[in-house]
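To start, the structure itself, in structure tokens.
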Amino acid sequence: MLDVEVVKQRDPAAIRRLLDRLPDWFGIPESNDEYVAAAATMTSYLARTGTPPDVVGVLLIERHFPDTAEVHLMAVDPTIHRRGVGRQLLDAAEADLLPDGVRLLEVKTLGPSRPHDGYAATREFYRAMGFLPLEERDDIWDPGNPCLIMVKPLA
């Protein structure tokens with residue numbers, strides 16, 4: 001596991017730089033602009049490493065209701081995938097959400113009906129973190145981008 005510091009801090013510019021490193025997952029400029037704008041207002045967890053600290057991962061949390069929350073964005077530098085950074089980000093968020101009354105965490109990702117190796121790995125990551133597939137929808141995002149909704153009960 002890579003040793004990172006997870007901090008609860010907003011840094012839209014760092015998130016822009018991180019998304020630019022992930023064109024296979026975040027290749028729609030308008031969507032990236034929306035994520036960066038959301039980073040200025042949503043609860044944000046940053047994974048940092050090095051001196052000076054470099055942001056190598058981000059998790060944005062959106063609250064819809066008092067007992068539910070959504071992973072609005074999760075991104076980890078592709079050079080360090082599968083080294084525990086995503087797990088550390090989710091663990092930090094869940095540690096805050098659970099005592100605040102959140103019982104269900106949701107994430108949306110590209111559905112399996114559109115083959116994509118990177119997103120297959122993303123779905124495997126969320127499954128390993130305890131998320132279960134709820135449904136795949138064709139009416140949430142642009143045509144041709146099926147949305148898989150996954151949920152995780154927090155206990």
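Starting from 1 in every chain, residues are counted up; chains themselves are A, B, ... following the order of the structure tokens, and ligands are numbered from 1 as listed.
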### Task
Pick out each residue of region 105-149 of chain A that DSSP on the backbone tags as strand (DSSP E or B); I need them as a PyMOL selection string.
chain A and resi 105-110+132-137+147-149
Limited to N, CA and C atoms, could you put the picked residues into a file as an mmCIF file, in the first residue's frame?
data_model
loop_
_atom_site.group_PDB
_atom_site.id
_atom_site.type_symbol
_atom_site.label_atom_id
_atom_site.label_comp_id
_atom_site.auth_asym_id
_atom_site.auth_seq_id
_atom_site.Cartn_x
_atom_site.Cartn_y
_atom_site.Cartn_z
ATOM 1 N N LEU A 105 -24.259 4.470 0.796
ATOM 2 C CA LEU A 105 -23.359 5.211 -0.073
ATOM 3 C C LEU A 105 -23.569 4.712 -1.504
ATOM 4 N N GLU A 106 -23.673 5.636 -2.436
ATOM 5 C CA GLU A 106 -23.947 5.318 -3.833
ATOM 6 C C GLU A 106 -22.784 5.786 -4.699
ATOM 7 N N VAL A 107 -22.582 5.103 -5.820
ATOM 8 C CA VAL A 107 -21.642 5.553 -6.842
ATOM 9 C C VAL A 107 -22.230 5.201 -8.201
ATOM 10 N N LYS A 108 -21.968 6.059 -9.181
ATOM 11 C CA LYS A 108 -22.374 5.801 -10.560
ATOM 12 C C LYS A 108 -21.110 5.634 -11.386
ATOM 13 N N THR A 109 -21.111 4.624 -12.264
ATOM 14 C CA THR A 109 -19.971 4.378 -13.135
ATOM 15 C C THR A 109 -20.475 3.821 -14.461
ATOM 16 N N LEU A 110 -19.602 3.743 -15.437
ATOM 17 C CA LEU A 110 -19.998 3.224 -16.740
ATOM 18 C C LEU A 110 -20.447 1.786 -16.602
ATOM 19 N N LEU A 132 -22.514 -2.897 -4.264
ATOM 20 C CA LEU A 132 -23.278 -3.881 -5.026
ATOM 21 C C LEU A 132 -23.958 -3.193 -6.195
ATOM 22 N N PRO A 133 -24.003 -3.855 -7.362
ATOM 23 C CA PRO A 133 -24.705 -3.247 -8.490
ATOM 24 C C PRO A 133 -26.204 -3.221 -8.214
ATOM 25 N N LEU A 134 -26.822 -2.070 -8.428
ATOM 26 C CA LEU A 134 -28.259 -1.916 -8.203
ATOM 27 C C LEU A 134 -29.023 -1.981 -9.526
ATOM 28 N N GLU A 135 -28.621 -1.124 -10.489
ATOM 29 C CA GLU A 135 -29.244 -1.173 -11.808
ATOM 30 C C GLU A 135 -28.397 -0.408 -12.808
ATOM 31 N N GLU A 136 -28.572 -0.780 -14.077
ATOM 32 C CA GLU A 136 -27.933 -0.064 -15.172
ATOM 33 C C GLU A 136 -29.013 0.705 -15.912
ATOM 34 N N ARG A 137 -28.754 1.996 -16.147
ATOM 35 C CA ARG A 137 -29.740 2.874 -16.787
ATOM 36 C C ARG A 137 -29.141 3.522 -18.019
ATOM 37 N N CYS A 147 -25.244 3.949 -17.452
ATOM 38 C CA CYS A 147 -24.850 4.263 -16.083
ATOM 39 C C CYS A 147 -25.190 3.094 -15.163
ATOM 40 N N LEU A 148 -24.179 2.547 -14.511
ATOM 41 C CA LEU A 148 -24.385 1.522 -13.502
ATOM 42 C C LEU A 148 -24.432 2.203 -12.143
ATOM 43 N N ILE A 149 -25.527 2.036 -11.435
ATOM 44 C CA ILE A 149 -25.665 2.551 -10.070
ATOM 45 C C ILE A 149 -25.278 1.419 -9.113
#
Counting only C-alpha atoms, what are the residues of region 33-123 of chain A within 10 Å of region 14-20 of chain A, and for each of them which pair of atoms is the nearest and at what distance in Å, to one decimal? Sort the table by chain and rising number, as CSV.
residue,atom,partner,partner_atom,distance
A:Asp33,CA,A:Arg16,CA,8.1
A:Tyr35,CA,A:Ile15,CA,8.2
A:Val36,CA,A:Arg16,CA,6.1
A:Ala37,CA,A:Arg16,CA,9.7
A:Ala39,CA,A:Ile15,CA,7.5
A:Ser44,CA,A:Ile15,CA,9.9
A:Leu46,CA,A:Ile15,CA,8.8
A:Asp54,CA,A:Ala14,CA,8.3
A:Val55,CA,A:Ala14,CA,6.3
A:Val56,CA,A:Leu18,CA,6.9
A:Gly57,CA,A:Leu18,CA,7.3
A:Val58,CA,A:Ile15,CA,7.0
A:Leu59,CA,A:Ile15,CA,9.6
A:Met74,CA,A:Leu19,CA,9.9
A:Ala75,CA,A:Leu19,CA,7.1
A:Val76,CA,A:Leu18,CA,7.5
A:Asp77,CA,A:Leu18,CA,6.5
A:Pro78,CA,A:Leu18,CA,9.3
### Task
Pick out the residues sitting within 9 Å of Met129 (chain A), and hand them over as a count of residues only; count only C-alpha atoms, and ignore anything fewer than 3 positions along from it in its own chain.
6
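CA of Thr49 (chain A) is positioned 26.1 Å from CA of Leu98 (chain A).
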### Query
Among region 64-133 of chain A, which ones does DSSP place in alpha helix (DSSP H), written as a VMD selection string?
chain A and resid 85 to 97 117 to 128
Keeping C-alpha atoms, export the residues of the selection given above as a short mmCIF file (atom, residue, chain, number, x, y, z; two decimals), in the first residue's frame.
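Result file follows (part-v9.cif):
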data_model
loop_
_atom_site.label_atom_id
_atom_site.label_comp_id
_atom_site.auth_asym_id
_atom_site.auth_seq_id
_atom_site.Cartn_x
_atom_site.Cartn_y
_atom_site.Cartn_z
CA VAL A 85 -5.09 5.02 -2.56
CA GLY A 86 -8.76 4.60 -3.52
CA ARG A 87 -9.34 2.42 -0.48
CA GLN A 88 -7.77 5.04 1.80
CA LEU A 89 -9.94 7.78 0.29
CA LEU A 90 -13.14 5.75 0.75
CA ASP A 91 -12.15 4.73 4.28
CA ALA A 92 -11.64 8.40 5.24
CA ALA A 93 -15.00 9.44 3.78
CA GLU A 94 -16.87 6.56 5.37
CA ALA A 95 -15.27 7.34 8.75
CA ASP A 96 -16.87 10.80 8.52
CA LEU A 97 -20.18 9.75 6.96
CA ASP A 117 -11.27 -2.41 -19.73
CA GLY A 118 -10.61 0.59 -17.47
CA TYR A 119 -14.19 0.77 -16.27
CA ALA A 120 -14.31 -3.00 -15.78
CA ALA A 121 -11.44 -2.51 -13.33
CA THR A 122 -13.32 0.40 -11.74
CA ARG A 123 -16.38 -1.80 -11.18
CA GLU A 124 -14.16 -4.53 -9.71
CA PHE A 125 -12.66 -1.97 -7.31
CA TYR A 126 -16.07 -0.84 -6.09
CA ARG A 127 -17.21 -4.47 -5.68
CA ALA A 128 -14.10 -5.17 -3.60
#
### Message
Between A:His72, A:Arg82, A:Arg103, A:Arg114, which residue has the minimum interatomic distance to Leu60 (chain A), considering only C-alpha atoms?
### Response
A:His72
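Closest to Ile80 (chain A) among A:Leu154, A:Ala47, A:Asp11, A:Pro23 is A:Ala47, based on only C-alpha atoms.
Minimum distance to Ala69 (chain A) across A:Thr51, A:Asp139, A:Met42, A:Leu22 (counting only C-alpha atoms) occurs at A:Met42.
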